[in-house]
$ cat run-v3.cif   # mmCIF, C-alpha atoms
data_input
loop_
_atom_site.label_atom_id
_atom_site.label_comp_id
_atom_site.auth_asym_id
_atom_site.auth_seq_id
_atom_site.Cartn_x
_atom_site.Cartn_y
_atom_site.Cartn_z
CA MET M 1 -10.66 -28.05 -20.70
CA ILE M 2 -13.13 -26.53 -18.30
CA TYR M 3 -11.88 -23.63 -16.24
CA ALA M 4 -13.80 -23.20 -12.98
CA ASP M 5 -11.24 -21.34 -10.88
CA ASN M 6 -12.43 -17.83 -11.61
CA SER M 7 -12.17 -16.73 -7.98
CA ALA M 8 -8.40 -17.10 -8.27
CA THR M 9 -8.32 -15.27 -11.58
CA THR M 10 -10.78 -15.22 -14.44
CA PHE M 11 -10.04 -17.22 -17.56
CA PRO M 12 -10.55 -16.80 -20.40
CA LYS M 13 -10.49 -13.04 -20.70
CA PRO M 14 -12.59 -11.27 -23.32
CA GLN M 15 -10.86 -11.20 -26.71
CA SER M 16 -10.63 -7.42 -26.50
CA VAL M 17 -8.44 -7.77 -23.38
CA TYR M 18 -5.97 -10.06 -25.14
CA GLN M 19 -5.88 -7.73 -28.13
CA GLU M 20 -5.29 -4.73 -25.91
CA VAL M 21 -2.36 -6.36 -24.11
CA SER M 22 -0.71 -6.96 -27.47
CA ARG M 23 -1.51 -3.48 -28.73
CA ALA M 24 -0.59 -1.70 -25.51
CA VAL M 25 2.86 -3.22 -25.24
CA ASN M 26 3.64 -1.61 -28.59
CA ILE M 27 1.72 1.64 -28.26
CA TYR M 28 2.30 2.60 -24.63
CA GLY M 29 6.08 2.27 -24.51
CA GLY M 30 6.69 5.55 -22.68
CA ASN M 31 6.66 5.94 -18.89
CA PRO M 32 3.44 7.80 -17.97
CA GLY M 33 3.69 11.02 -15.97
CA ARG M 34 7.44 11.21 -16.22
CA SER M 35 8.37 12.71 -19.57
CA GLY M 36 6.98 15.19 -22.04
CA HIS M 37 7.42 13.25 -25.25
CA ALA M 38 4.44 11.97 -27.19
CA MET M 39 4.80 8.32 -26.18
CA SER M 40 4.93 9.15 -22.46
CA LEU M 41 1.89 11.42 -22.77
CA ARG M 42 0.05 8.73 -24.71
CA SER M 43 0.64 6.27 -21.85
CA ALA M 44 -0.54 8.85 -19.33
CA GLU M 45 -3.68 9.48 -21.33
CA GLU M 46 -4.47 5.77 -21.28
CA ILE M 47 -3.96 5.59 -17.51
CA TYR M 48 -6.31 8.54 -17.16
CA ARG M 49 -8.94 6.91 -19.40
CA CYS M 50 -8.85 3.75 -17.31
CA ARG M 51 -9.05 5.72 -14.06
CA GLU M 52 -12.14 7.46 -15.40
CA ALA M 53 -13.62 4.14 -16.56
CA VAL M 54 -13.13 2.55 -13.13
CA ALA M 55 -14.61 5.60 -11.39
CA GLU M 56 -17.66 5.55 -13.64
CA PHE M 57 -18.07 1.79 -13.26
CA PHE M 58 -18.19 2.07 -9.46
CA HIS M 59 -20.07 5.42 -9.43
CA VAL M 60 -17.24 7.55 -8.06
CA ALA M 61 -17.35 11.24 -9.01
CA ASP M 62 -13.65 12.05 -8.58
CA SER M 63 -11.50 9.65 -10.55
CA GLU M 64 -8.30 10.69 -8.74
CA LYS M 65 -9.66 8.77 -5.73
CA ILE M 66 -9.11 5.59 -7.73
CA ILE M 67 -5.58 4.31 -7.14
CA PHE M 68 -3.94 1.64 -9.26
CA THR M 69 -2.04 -1.03 -7.34
CA SER M 70 -0.42 -4.38 -8.03
CA GLY M 71 -3.46 -6.25 -6.72
CA CYS M 72 -6.05 -6.47 -3.99
CA THR M 73 -3.46 -7.49 -1.40
CA GLN M 74 -1.50 -4.30 -1.89
CA SER M 75 -4.70 -2.27 -1.75
CA LEU M 76 -5.75 -3.91 1.53
CA ASN M 77 -2.28 -3.54 3.06
CA THR M 78 -2.15 0.13 2.11
CA VAL M 79 -5.20 0.98 4.18
CA ILE M 80 -4.70 -1.44 7.08
CA ARG M 81 -1.07 -0.48 7.59
CA GLY M 82 -1.51 3.15 6.64
CA TYR M 83 -4.58 3.98 8.69
CA LEU M 84 -4.14 2.06 11.96
CA HIS M 85 -1.79 3.26 14.68
CA TYR M 86 -0.47 1.89 17.96
CA GLY M 87 -3.34 1.30 20.36
CA ASP M 88 -6.04 1.08 17.67
CA HIS M 89 -8.52 -1.77 17.44
CA VAL M 90 -9.85 -3.28 14.21
CA VAL M 91 -12.80 -5.62 13.59
CA ILE M 92 -12.52 -8.16 10.80
CA SER M 93 -14.98 -10.84 9.71
CA ASP M 94 -14.39 -14.56 10.09
CA LEU M 95 -14.42 -14.88 6.30
CA GLU M 96 -11.39 -12.72 5.62
CA HIS M 97 -8.65 -13.75 3.25
CA ASN M 98 -5.14 -14.00 4.66
CA SER M 99 -4.34 -10.71 2.96
CA VAL M 100 -6.40 -9.17 5.76
CA ALA M 101 -6.02 -11.74 8.56
CA ARG M 102 -2.25 -12.00 8.33
CA THR M 103 -1.85 -8.26 8.06
CA VAL M 104 -3.81 -7.46 11.21
CA HIS M 105 -2.19 -10.39 13.01
CA GLU M 106 1.26 -9.08 12.13
CA MET M 107 0.25 -5.63 13.35
CA SER M 108 -0.94 -7.11 16.64
CA LYS M 109 2.75 -7.59 17.46
CA ASN M 110 3.07 -3.81 17.39
CA GLY M 111 0.21 -2.60 19.53
CA ILE M 112 -2.83 -3.10 17.27
CA THR M 113 -5.63 -5.30 18.60
CA TYR M 114 -8.24 -7.07 16.54
CA THR M 115 -11.50 -8.95 16.98
CA VAL M 116 -12.92 -11.50 14.57
CA ALA M 117 -16.68 -11.00 14.16
CA GLN M 118 -18.69 -14.14 13.48
CA THR M 119 -20.77 -14.05 10.33
CA VAL M 120 -23.93 -16.09 9.75
CA HIS M 121 -24.66 -17.11 6.17
CA GLY M 122 -28.08 -15.83 5.14
CA ASP M 123 -28.76 -14.00 8.40
CA PHE M 124 -27.80 -10.36 8.04
CA GLU M 125 -29.31 -9.44 11.42
CA LYS M 126 -27.11 -11.84 13.37
CA THR M 127 -24.06 -10.85 11.35
CA ILE M 128 -24.65 -7.16 12.03
CA ASP M 129 -25.27 -7.88 15.70
CA ASN M 130 -21.97 -9.75 15.93
CA PHE M 131 -20.13 -6.85 14.33
CA ARG M 132 -21.75 -4.48 16.81
CA LYS M 133 -20.67 -6.64 19.75
CA SER M 134 -17.08 -6.61 18.44
CA ILE M 135 -16.73 -2.84 18.67
CA ASN M 136 -14.87 -1.26 21.57
CA ASP M 137 -13.83 2.30 22.35
CA LYS M 138 -10.54 1.84 20.48
CA THR M 139 -12.10 0.56 17.25
CA ARG M 140 -11.10 2.72 14.27
CA LEU M 141 -11.62 0.34 11.38
CA MET M 142 -13.72 -2.59 10.18
CA VAL M 143 -12.33 -4.74 7.37
CA VAL M 144 -15.00 -6.75 5.63
CA THR M 145 -14.94 -9.00 2.64
CA HIS M 146 -18.06 -8.49 0.56
CA VAL M 147 -18.01 -12.09 -0.65
CA SER M 148 -16.17 -15.05 0.89
CA ASN M 149 -13.61 -16.52 -1.49
CA VAL M 150 -14.35 -19.99 -0.05
CA THR M 151 -18.12 -20.24 0.30
CA GLY M 152 -19.40 -17.35 -1.82
CA THR M 153 -21.23 -16.01 1.23
CA VAL M 154 -22.31 -12.39 0.71
CA LEU M 155 -22.00 -10.07 3.69
CA PRO M 156 -24.31 -7.06 4.25
CA LEU M 157 -21.70 -4.47 3.33
CA SER M 158 -23.96 -1.40 3.22
CA ARG M 159 -25.42 -2.22 6.61
CA ILE M 160 -21.98 -2.80 8.11
CA VAL M 161 -20.92 0.62 6.79
CA ALA M 162 -24.01 2.21 8.35
CA LEU M 163 -23.30 0.47 11.66
CA ALA M 164 -19.64 1.49 11.66
CA HIS M 165 -20.41 5.11 10.88
CA GLN M 166 -22.73 5.30 13.89
CA TYR M 167 -19.58 4.77 15.96
CA ARG M 168 -17.33 6.97 13.73
CA ILE M 169 -15.52 3.85 12.58
CA LYS M 170 -14.30 3.58 8.99
CA VAL M 171 -14.84 0.55 6.77
CA LEU M 172 -12.45 -1.07 4.33
CA ALA M 173 -14.27 -3.41 1.95
CA ASP M 174 -12.51 -6.26 0.18
CA ILE M 175 -14.42 -6.72 -3.05
CA ALA M 176 -11.96 -9.13 -4.66
CA GLN M 177 -14.80 -11.59 -5.31
CA SER M 178 -17.64 -9.17 -6.00
CA GLY M 179 -16.06 -6.42 -8.11
CA GLY M 180 -17.50 -6.86 -11.59
CA VAL M 181 -19.67 -9.74 -10.35
CA ILE M 182 -22.25 -7.86 -8.28
CA PRO M 183 -23.26 -4.28 -9.19
CA LEU M 184 -21.67 -1.86 -6.71
CA ASP M 185 -22.08 1.87 -6.16
CA PHE M 186 -19.35 3.17 -3.83
CA THR M 187 -20.97 6.58 -3.46
CA ASP M 188 -24.40 5.20 -2.61
CA MET M 189 -22.83 2.77 -0.13
CA ASN M 190 -20.93 5.67 1.45
CA ILE M 191 -17.98 3.37 1.88
CA ASP M 192 -14.64 4.72 3.12
CA PHE M 193 -12.09 2.44 1.48
CA VAL M 194 -12.41 -0.30 -1.13
CA ALA M 195 -9.83 -2.84 -2.33
CA CYS M 196 -10.38 -4.76 -5.54
CA ALA M 197 -8.41 -7.04 -7.83
CA GLY M 198 -8.18 -6.09 -11.48
CA HIS M 199 -7.77 -9.62 -12.82
CA LYS M 200 -10.86 -11.34 -11.40
CA GLY M 201 -14.40 -10.15 -12.06
CA LEU M 202 -13.13 -7.06 -13.88
CA PHE M 203 -11.41 -9.29 -16.45
CA GLY M 204 -8.07 -7.48 -16.42
CA VAL M 205 -4.77 -9.32 -16.30
CA MET M 206 -2.81 -10.42 -13.25
CA GLY M 207 -0.70 -7.73 -11.59
CA THR M 208 -3.47 -5.13 -11.44
CA GLY M 209 -5.52 -3.90 -8.51
CA ILE M 210 -7.62 -0.96 -7.44
CA LEU M 211 -7.88 1.04 -4.25
CA TYR M 212 -10.61 3.60 -3.63
CA LEU M 213 -10.26 6.12 -0.83
CA LYS M 214 -13.15 8.43 -0.08
CA ASN M 215 -10.86 10.48 2.13
CA ALA M 216 -7.14 9.82 2.07
CA GLU M 217 -5.89 12.36 4.62
CA ASP M 218 -5.55 9.86 7.45
CA VAL M 219 -3.92 7.10 5.40
CA SER M 220 -0.14 6.93 4.97
CA PRO M 221 1.23 5.39 1.78
CA LEU M 222 2.64 1.90 1.80
CA LEU M 223 5.30 2.91 -0.72
CA TYR M 224 7.19 6.18 -1.05
CA GLY M 225 9.07 7.35 -4.09
CA GLY M 226 8.92 9.03 -7.45
CA THR M 227 5.55 10.23 -8.64
CA GLY M 228 6.56 12.58 -11.45
CA SER M 229 5.18 15.49 -9.42
CA SER M 230 6.64 17.97 -6.88
CA SER M 231 10.01 16.38 -7.42
CA LEU M 232 11.98 19.05 -5.55
CA GLU M 233 10.15 18.13 -2.36
CA LEU M 234 11.45 15.30 -0.20
CA THR M 235 8.02 14.76 1.32
CA GLN M 236 5.56 12.53 -0.49
CA PRO M 237 2.86 14.57 -2.33
CA GLU M 238 -0.53 14.62 -0.63
CA ILE M 239 -2.46 14.92 -3.88
CA LEU M 240 -4.24 11.88 -5.29
CA PRO M 241 -3.51 9.56 -6.93
CA ASP M 242 0.20 10.49 -6.64
CA LYS M 243 0.32 9.94 -2.87
CA PHE M 244 -0.27 6.21 -3.35
CA GLU M 245 1.21 5.61 -6.79
CA SER M 246 4.98 5.81 -6.36
CA GLY M 247 7.02 4.13 -9.05
CA THR M 248 6.19 3.16 -12.60
CA CYS M 249 2.69 1.77 -12.95
CA ASN M 250 1.59 -1.27 -14.93
CA VAL M 251 0.49 0.56 -18.08
CA ILE M 252 -0.13 -2.61 -20.09
CA GLY M 253 -2.21 -4.14 -17.30
CA ILE M 254 -4.17 -0.95 -16.74
CA ALA M 255 -4.93 -0.59 -20.46
CA ALA M 256 -6.18 -4.18 -20.48
CA LEU M 257 -8.27 -3.52 -17.38
CA ARG M 258 -10.09 -0.75 -19.23
CA LYS M 259 -11.05 -3.27 -21.91
CA GLY M 260 -12.27 -5.66 -19.23
CA ILE M 261 -14.51 -2.96 -17.81
CA GLU M 262 -15.68 -2.05 -21.29
CA PHE M 263 -16.68 -5.70 -21.78
CA LEU M 264 -18.68 -5.64 -18.53
CA ASN M 265 -20.40 -2.41 -19.52
CA ILE M 266 -21.44 -3.87 -22.85
CA ARG M 267 -22.69 -7.17 -21.43
CA GLY M 268 -24.05 -5.69 -18.21
CA VAL M 269 -23.02 -6.86 -14.74
CA GLU M 270 -26.58 -7.71 -13.72
CA LYS M 271 -27.12 -9.84 -16.79
CA ILE M 272 -23.82 -11.64 -16.26
CA HIS M 273 -24.67 -12.19 -12.62
CA ARG M 274 -28.04 -13.75 -13.50
CA GLN M 275 -26.36 -16.07 -16.00
CA GLU M 276 -23.65 -17.14 -13.55
CA PHE M 277 -26.11 -17.61 -10.75
CA ALA M 278 -28.36 -19.85 -12.85
CA LEU M 279 -25.31 -22.06 -13.50
CA LEU M 280 -24.50 -22.11 -9.80
CA GLU M 281 -28.05 -23.21 -8.93
CA GLU M 282 -27.88 -26.03 -11.44
CA LEU M 283 -24.50 -27.16 -10.17
CA TYR M 284 -25.66 -27.02 -6.57
CA ASP M 285 -28.78 -29.06 -7.32
CA ASN M 286 -26.73 -31.70 -9.14
CA LEU M 287 -24.16 -31.99 -6.36
CA ALA M 288 -26.76 -31.97 -3.59
CA LYS M 289 -28.31 -35.14 -5.03
CA LEU M 290 -25.16 -37.13 -4.29
CA PRO M 291 -24.97 -38.88 -0.94
CA ASP M 292 -21.91 -38.08 1.17
CA ILE M 293 -21.37 -34.81 -0.61
CA ARG M 294 -20.64 -31.96 1.76
CA LEU M 295 -21.81 -28.55 0.66
CA TYR M 296 -20.92 -25.66 2.92
CA THR M 297 -23.75 -23.31 2.09
CA PRO M 298 -27.53 -23.77 1.81
CA LYS M 299 -29.38 -23.81 -1.50
CA PRO M 300 -28.19 -20.71 -3.35
CA ASP M 301 -30.07 -17.48 -2.84
CA ASN M 302 -28.60 -14.55 -4.76
CA ARG M 303 -29.09 -12.21 -1.80
CA PHE M 304 -26.68 -14.28 0.23
CA GLN M 305 -24.39 -16.03 -2.24
CA ALA M 306 -22.11 -15.18 -5.15
CA PRO M 307 -21.54 -17.61 -8.04
CA LEU M 308 -19.07 -19.93 -6.34
CA LEU M 309 -19.31 -22.83 -3.94
CA SER M 310 -17.19 -25.22 -1.93
CA PHE M 311 -17.73 -28.94 -1.44
CA ASN M 312 -16.09 -32.15 -0.34
CA ILE M 313 -16.77 -35.77 -1.19
CA GLY M 314 -16.87 -37.62 2.11
CA ASP M 315 -13.48 -37.44 3.76
CA ILE M 316 -11.46 -37.50 0.54
CA PRO M 317 -8.80 -34.80 0.71
CA SER M 318 -9.86 -31.85 -1.43
CA GLU M 319 -6.48 -31.83 -3.17
CA GLU M 320 -7.05 -35.42 -4.30
CA VAL M 321 -10.45 -34.62 -5.79
CA ALA M 322 -9.03 -31.59 -7.58
CA GLN M 323 -6.17 -33.66 -8.94
CA VAL M 324 -8.54 -36.28 -10.36
CA LEU M 325 -10.69 -33.54 -11.91
CA ASN M 326 -7.55 -32.13 -13.49
CA ASP M 327 -5.97 -35.39 -14.65
CA ARG M 328 -9.01 -37.25 -15.95
CA TYR M 329 -11.45 -34.54 -16.91
CA GLN M 330 -9.33 -31.44 -17.54
CA ILE M 331 -11.52 -29.57 -15.09
CA TYR M 332 -9.58 -26.85 -13.30
CA VAL M 333 -10.76 -26.01 -9.79
CA ARG M 334 -9.15 -24.78 -6.60
CA SER M 335 -8.65 -27.01 -3.58
CA GLY M 336 -7.04 -26.71 -0.17
CA LEU M 337 -7.42 -23.70 2.08
CA HIS M 338 -7.74 -20.86 -0.46
CA CYS M 339 -5.52 -18.59 1.69
CA ALA M 340 -8.47 -18.24 4.07
CA THR M 341 -7.52 -19.80 7.41
CA LEU M 342 -10.31 -18.15 9.37
CA THR M 343 -12.99 -19.48 7.03
CA HIS M 344 -11.67 -23.03 7.24
CA GLN M 345 -11.54 -22.81 11.02
CA LYS M 346 -15.18 -21.79 10.90
CA LEU M 347 -16.06 -24.69 8.55
CA HIS M 348 -13.81 -27.15 10.46
CA THR M 349 -12.05 -27.98 7.20
CA GLU M 350 -8.50 -27.04 8.20
CA THR M 351 -7.28 -30.56 7.42
CA GLN M 352 -9.36 -31.51 4.41
CA GLY M 353 -9.71 -28.12 2.81
CA THR M 354 -12.51 -27.78 0.26
CA VAL M 355 -12.93 -28.11 -3.46
CA ARG M 356 -14.04 -24.76 -4.84
CA ILE M 357 -15.86 -24.21 -8.09
CA SER M 358 -16.05 -20.59 -9.14
CA LEU M 359 -17.82 -19.52 -12.31
CA SER M 360 -17.66 -16.73 -14.83
CA CYS M 361 -19.76 -15.67 -17.79
CA PHE M 362 -17.59 -17.89 -19.99
CA ASN M 363 -18.90 -21.03 -18.31
CA ASN M 364 -22.02 -22.71 -19.70
CA ARG M 365 -24.60 -25.41 -18.98
CA PRO M 366 -22.80 -28.26 -20.78
CA GLN M 367 -19.75 -27.51 -18.64
CA ILE M 368 -21.86 -27.65 -15.48
CA GLN M 369 -23.21 -31.03 -16.58
CA THR M 370 -19.67 -32.29 -17.26
CA ILE M 371 -18.47 -31.10 -13.85
CA SER M 372 -21.48 -32.72 -12.17
CA HIS M 373 -20.89 -36.05 -13.94
CA ALA M 374 -17.20 -35.95 -13.10
CA VAL M 375 -17.89 -35.43 -9.40
CA LYS M 376 -20.48 -38.21 -9.51
CA ASN M 377 -17.94 -40.55 -11.12
CA ILE M 378 -15.31 -39.75 -8.52
CA PHE M 379 -17.90 -40.42 -5.84
CA LYS M 380 -18.76 -43.84 -7.37
CA GLU M 381 -15.11 -44.77 -7.58
CA TYR M 382 -14.40 -44.03 -3.94
CA PHE M 383 -17.61 -45.36 -2.38
CA MET T 1 3.79 35.21 -30.11
CA SER T 2 3.72 34.43 -26.41
CA LYS T 3 1.76 31.50 -25.04
CA LYS T 4 -0.09 31.15 -21.79
CA TYR T 5 0.54 28.21 -19.51
CA MET T 6 -1.67 26.75 -16.82
CA MET T 7 0.18 24.48 -14.41
CA PHE T 8 -1.41 21.62 -12.44
CA PRO T 9 -0.32 19.71 -9.33
CA SER T 10 -0.09 16.42 -11.23
CA ILE T 11 -0.54 14.90 -14.65
CA THR T 12 -3.91 13.48 -13.54
CA TYR T 13 -5.27 16.97 -12.92
CA ALA T 14 -3.79 18.21 -16.18
CA MET T 15 -5.59 15.37 -17.97
CA LYS T 16 -8.80 16.13 -16.14
CA ALA T 17 -8.57 19.81 -17.04
CA LYS T 18 -7.82 19.01 -20.66
CA ASN T 19 -10.87 16.74 -20.89
CA ILE T 20 -13.20 19.21 -19.20
CA LEU T 21 -12.07 21.95 -21.57
CA ARG T 22 -12.37 19.69 -24.59
CA SER T 23 -15.98 18.92 -23.63
CA GLN T 24 -16.55 22.71 -23.71
CA GLY T 25 -14.91 23.09 -27.11
CA ILE T 26 -11.59 24.45 -25.86
CA TYR T 27 -8.48 22.62 -26.99
CA ALA T 28 -5.11 22.85 -25.28
CA ASP T 29 -1.89 20.87 -25.55
CA MET T 30 -0.36 19.27 -22.51
CA VAL T 31 3.36 19.78 -21.95
CA LYS T 32 5.84 18.90 -19.26
CA THR T 33 7.01 22.04 -17.46
CA SER T 34 9.31 22.71 -14.54
CA GLN T 35 10.55 26.27 -14.95
CA PHE T 36 7.87 28.22 -13.08
CA SER T 37 8.93 30.02 -9.93
CA THR T 38 6.34 28.58 -7.56
CA GLN T 39 6.70 25.06 -8.83
CA LYS T 40 8.15 22.34 -6.63
CA GLY T 41 9.70 20.37 -9.45
CA CYS T 42 8.34 18.34 -12.33
CA GLY T 43 4.82 19.03 -13.44
CA TYR T 44 2.47 19.30 -16.38
CA SER T 45 0.76 22.28 -17.91
CA LEU T 46 -1.82 23.09 -20.53
CA VAL T 47 -0.62 25.60 -23.07
CA PHE T 48 -3.01 28.05 -24.76
CA ASN T 49 -2.81 30.26 -27.83
CA ARG T 50 -6.30 31.61 -27.14
CA ASN T 51 -9.37 31.16 -24.89
CA PHE T 52 -7.17 31.26 -21.78
CA ASP T 53 -9.52 33.37 -19.64
CA LYS T 54 -12.54 31.33 -20.65
CA ALA T 55 -10.66 28.12 -19.83
CA LEU T 56 -9.64 29.49 -16.44
CA THR T 57 -13.24 30.30 -15.56
CA ILE T 58 -14.44 26.84 -16.62
CA LEU T 59 -11.79 25.05 -14.60
CA GLN T 60 -12.36 27.17 -11.52
CA LYS T 61 -16.08 26.41 -11.74
CA ASN T 62 -15.22 22.70 -11.89
CA GLY T 63 -12.99 22.93 -8.83
CA ILE T 64 -9.78 22.05 -10.64
CA SER T 65 -6.70 23.07 -8.70
CA ILE T 66 -4.28 25.23 -10.72
CA THR T 67 -0.86 25.72 -9.15
CA ASP T 68 0.58 28.39 -11.41
CA ILE T 69 -0.07 30.54 -14.47
CA ALA T 70 2.63 31.96 -16.74
CA THR T 71 3.12 33.71 -20.06
CA LEU T 72 6.22 32.63 -21.92
#
$ encode --input "run-v3.cif" --output "structure tokens"
Amino acid sequence: MIYADNSATTFPKPQSVYQEVSRAVNIYGGNPGRSGHAMSLRSAEEIYRCREAVAEFFHVADSEKIIFTSGCTQSLNTVIRGYLHYGDHVVISDLEHNSVARTVHEMSKNGITYTVAQTVHGDFEKTIDNFRKSINDKTRLMVVTHVSNVTGTVLPLSRIVALAHQYRIKVLADIAQSGGVIPLDFTDMNIDFVACAGHKGLFGVMGTGILYLKNAEDVSPLLYGGTGSSSLELTQPEILPDKFESGTCNVIGIAALRKGIEFLNIRGVEKIHRQEFALLEELYDNLAKLPDIRLYTPKPDNRFQAPLLSFNIGDIPSEEVAQVLNDRYQIYVRSGLHCATLTHQKLHTETQGTVRISLSCFNNRPQIQTISHAVKNIFKEYF
Amino acid sequence: MSKKYMMFPSITYAMKAKNILRSQGIYADMVKTSQFSTQKGCGYSLVFNRNFDKALTILQKNGISITDIATL
């Protein structure tokens, strides 16, 4: 089996992550931050250790600004729904996942307006210019994916933050595809809000996510409830992370996430990125040789692309290609629309979708050769 | 012998305080407390047999918010 669907969730995980899941379910049986017995405190200590590890990984000084969520979607919804009010305007990119696009669209029924800024792969100047043109006097927020989950296109996040701040607009970055894949320094980027999955590039397990808030005063929680603090008060605590962490957290998942981050720290994100990118280049070159192959990005350049790509073989439905790869070659890829309507409108692939290959550090050259041969064979069979 | 308690707004801050103090060679146990007069319900404290004043100075220098202090 070859797993090449790492943009959906990484697989395999490092051995240490599997071991920690097994260990944690036995060790961290107490509810963290609720009781005073040793098992509850032990769970709380582990949550704290992971919060510190995440903060250090992304260069955040105050770890309480790191919030644990159920996933990137919850993190994105928390800021979009908690920061925008009636009459506000938000700019999003044309590469946003439905977790952003659907959320702002839903809010447009209740007095929020939004503009979709056109991005240009490999041309940061034009992309920035299009973001600038999308601003109006009601704009309070820009929501920007760092890396497209369909094409791997990298957007100029730091420059978008700088642009937005000129207009006193805040930026929410969706780093679902770049967290743990591309080195990121939240403090240096001066970013306002960041949403990240725990189970993708950070190698945690599904059901974990991260939200970073530089300043949380203007953001209302998505969920209200028990936090284990100020329990006599009926109002939600303002202190972080309690304000945004109502209910029992995923201790097992968070403990595993710490091991994922530990793995990245040992291997080094830059080193992993170089390895993954070399595989992407080889894959791209192999696919580009085939006639009638449709690639949706130019030859990979690591300034503009993350280690994933989309393609189609002629007009064959992407689902059909993915099914053949699964059935005959045990190659697991994603097909269809990848929950990214706006991107497929941009690519004019709403009907066909695309076949997406997304890599991790557990992929290797022989696998790339196998994938390339498989695609070539499918091509020969159909044409 | 009475013990001194330092109360924090949440378990995260209690953890943070505990770790800062440990890095300075001061060890304190963390306990769940809810009986202090100014407290708004459940909370966590660090309990000290000694080094309380030194710990207080260190935490104040590090900007750690302390909600209450008690001797019990």
$ interface_residues --input "run-v3.cif" --of "chain M" --to "chain T" --cutoff "10 Å" --atoms "all atoms listed in the file" --output "PyMOL selection string"
chain M and resi 32-38+41+44-45+47-49+51-52+62-64+227-233+237+239-242
$ atom_distance --input "run-v3.cif" --atom1 "CA of Ala288 in chain M" --atom2 "CA of Ala322 in chain M"
18.2 Å
$ resolve_selection --input "run-v3.cif" --expression "the PyMOL selection byres ((chain T and resi 72) around 9)" --output "list in words"
Met1, Ser2, Lys3, Lys4, Tyr5, Ala70 and Thr71 of chain T
$ resolve_selection --input "run-v3.cif" --expression "the PyMOL selection byres ((chain M and resi 376) around 12)" --output "PyMOL selection string"
chain M and resi 283+286-293+312-313+321+325+369-375+377-383
$ atom_distance --input "run-v3.cif" --atom1 "CA of Gly209 in chain M" --atom2 "CA of Pro221 in chain M"
15.4 Å
$ decode --input "run-v3.cif" --residues "range 152-166 of chain M" --atoms "N, CA and C atoms" --output "PDB file, in the first residue's frame"
ATOM      1  N   GLY M 152      -1.659  23.018  -3.715  1.00  0.00           N
ATOM      2  CA  GLY M 152      -0.394  23.205  -2.991  1.00  0.00           C
ATOM      3  C   GLY M 152       0.155  24.618  -3.112  1.00  0.00           C
ATOM      4  N   THR M 153      -0.596  25.485  -3.777  1.00  0.00           N
ATOM      5  CA  THR M 153      -0.160  26.874  -3.950  1.00  0.00           C
ATOM      6  C   THR M 153       0.092  27.537  -2.599  1.00  0.00           C
ATOM      7  N   VAL M 154       1.248  28.174  -2.465  1.00  0.00           N
ATOM      8  CA  VAL M 154       1.587  28.909  -1.239  1.00  0.00           C
ATOM      9  C   VAL M 154       1.218  30.373  -1.433  1.00  0.00           C
ATOM     10  N   LEU M 155       0.526  30.933  -0.464  1.00  0.00           N
ATOM     11  CA  LEU M 155       0.189  32.362  -0.519  1.00  0.00           C
ATOM     12  C   LEU M 155       1.147  33.153   0.369  1.00  0.00           C
ATOM     13  N   PRO M 156       1.377  34.431   0.000  1.00  0.00           N
ATOM     14  CA  PRO M 156       2.341  35.264   0.741  1.00  0.00           C
ATOM     15  C   PRO M 156       1.767  35.765   2.063  1.00  0.00           C
ATOM     16  N   LEU M 157       1.699  34.890   3.029  1.00  0.00           N
ATOM     17  CA  LEU M 157       0.996  35.159   4.281  1.00  0.00           C
ATOM     18  C   LEU M 157       1.541  36.392   5.010  1.00  0.00           C
ATOM     19  N   SER M 158       2.857  36.455   5.160  1.00  0.00           N
ATOM     20  CA  SER M 158       3.448  37.591   5.898  1.00  0.00           C
ATOM     21  C   SER M 158       3.115  38.915   5.223  1.00  0.00           C
ATOM     22  N   ARG M 159       3.145  38.922   3.917  1.00  0.00           N
ATOM     23  CA  ARG M 159       2.860  40.164   3.186  1.00  0.00           C
ATOM     24  C   ARG M 159       1.379  40.528   3.274  1.00  0.00           C
ATOM     25  N   ILE M 160       0.528  39.520   3.312  1.00  0.00           N
ATOM     26  CA  ILE M 160      -0.912  39.791   3.465  1.00  0.00           C
ATOM     27  C   ILE M 160      -1.174  40.371   4.859  1.00  0.00           C
ATOM     28  N   VAL M 161      -0.475  39.843   5.864  1.00  0.00           N
ATOM     29  CA  VAL M 161      -0.612  40.384   7.227  1.00  0.00           C
ATOM     30  C   VAL M 161      -0.168  41.854   7.241  1.00  0.00           C
ATOM     31  N   ALA M 162       0.968  42.120   6.613  1.00  0.00           N
ATOM     32  CA  ALA M 162       1.483  43.504   6.588  1.00  0.00           C
ATOM     33  C   ALA M 162       0.494  44.434   5.892  1.00  0.00           C
ATOM     34  N   LEU M 163      -0.065  43.965   4.782  1.00  0.00           N
ATOM     35  CA  LEU M 163      -1.063  44.762   4.053  1.00  0.00           C
ATOM     36  C   LEU M 163      -2.281  45.021   4.940  1.00  0.00           C
ATOM     37  N   ALA M 164      -2.803  43.979   5.528  1.00  0.00           N
ATOM     38  CA  ALA M 164      -4.016  44.093   6.349  1.00  0.00           C
ATOM     39  C   ALA M 164      -3.803  45.066   7.503  1.00  0.00           C
ATOM     40  N   HIS M 165      -2.654  44.974   8.137  1.00  0.00           N
ATOM     41  CA  HIS M 165      -2.397  45.828   9.298  1.00  0.00           C
ATOM     42  C   HIS M 165      -2.295  47.311   8.920  1.00  0.00           C
ATOM     43  N   GLN M 166      -1.914  47.581   7.686  1.00  0.00           N
ATOM     44  CA  GLN M 166      -1.913  48.983   7.222  1.00  0.00           C
ATOM     45  C   GLN M 166      -3.312  49.584   7.322  1.00  0.00           C
TER      46      GLN M 166
END
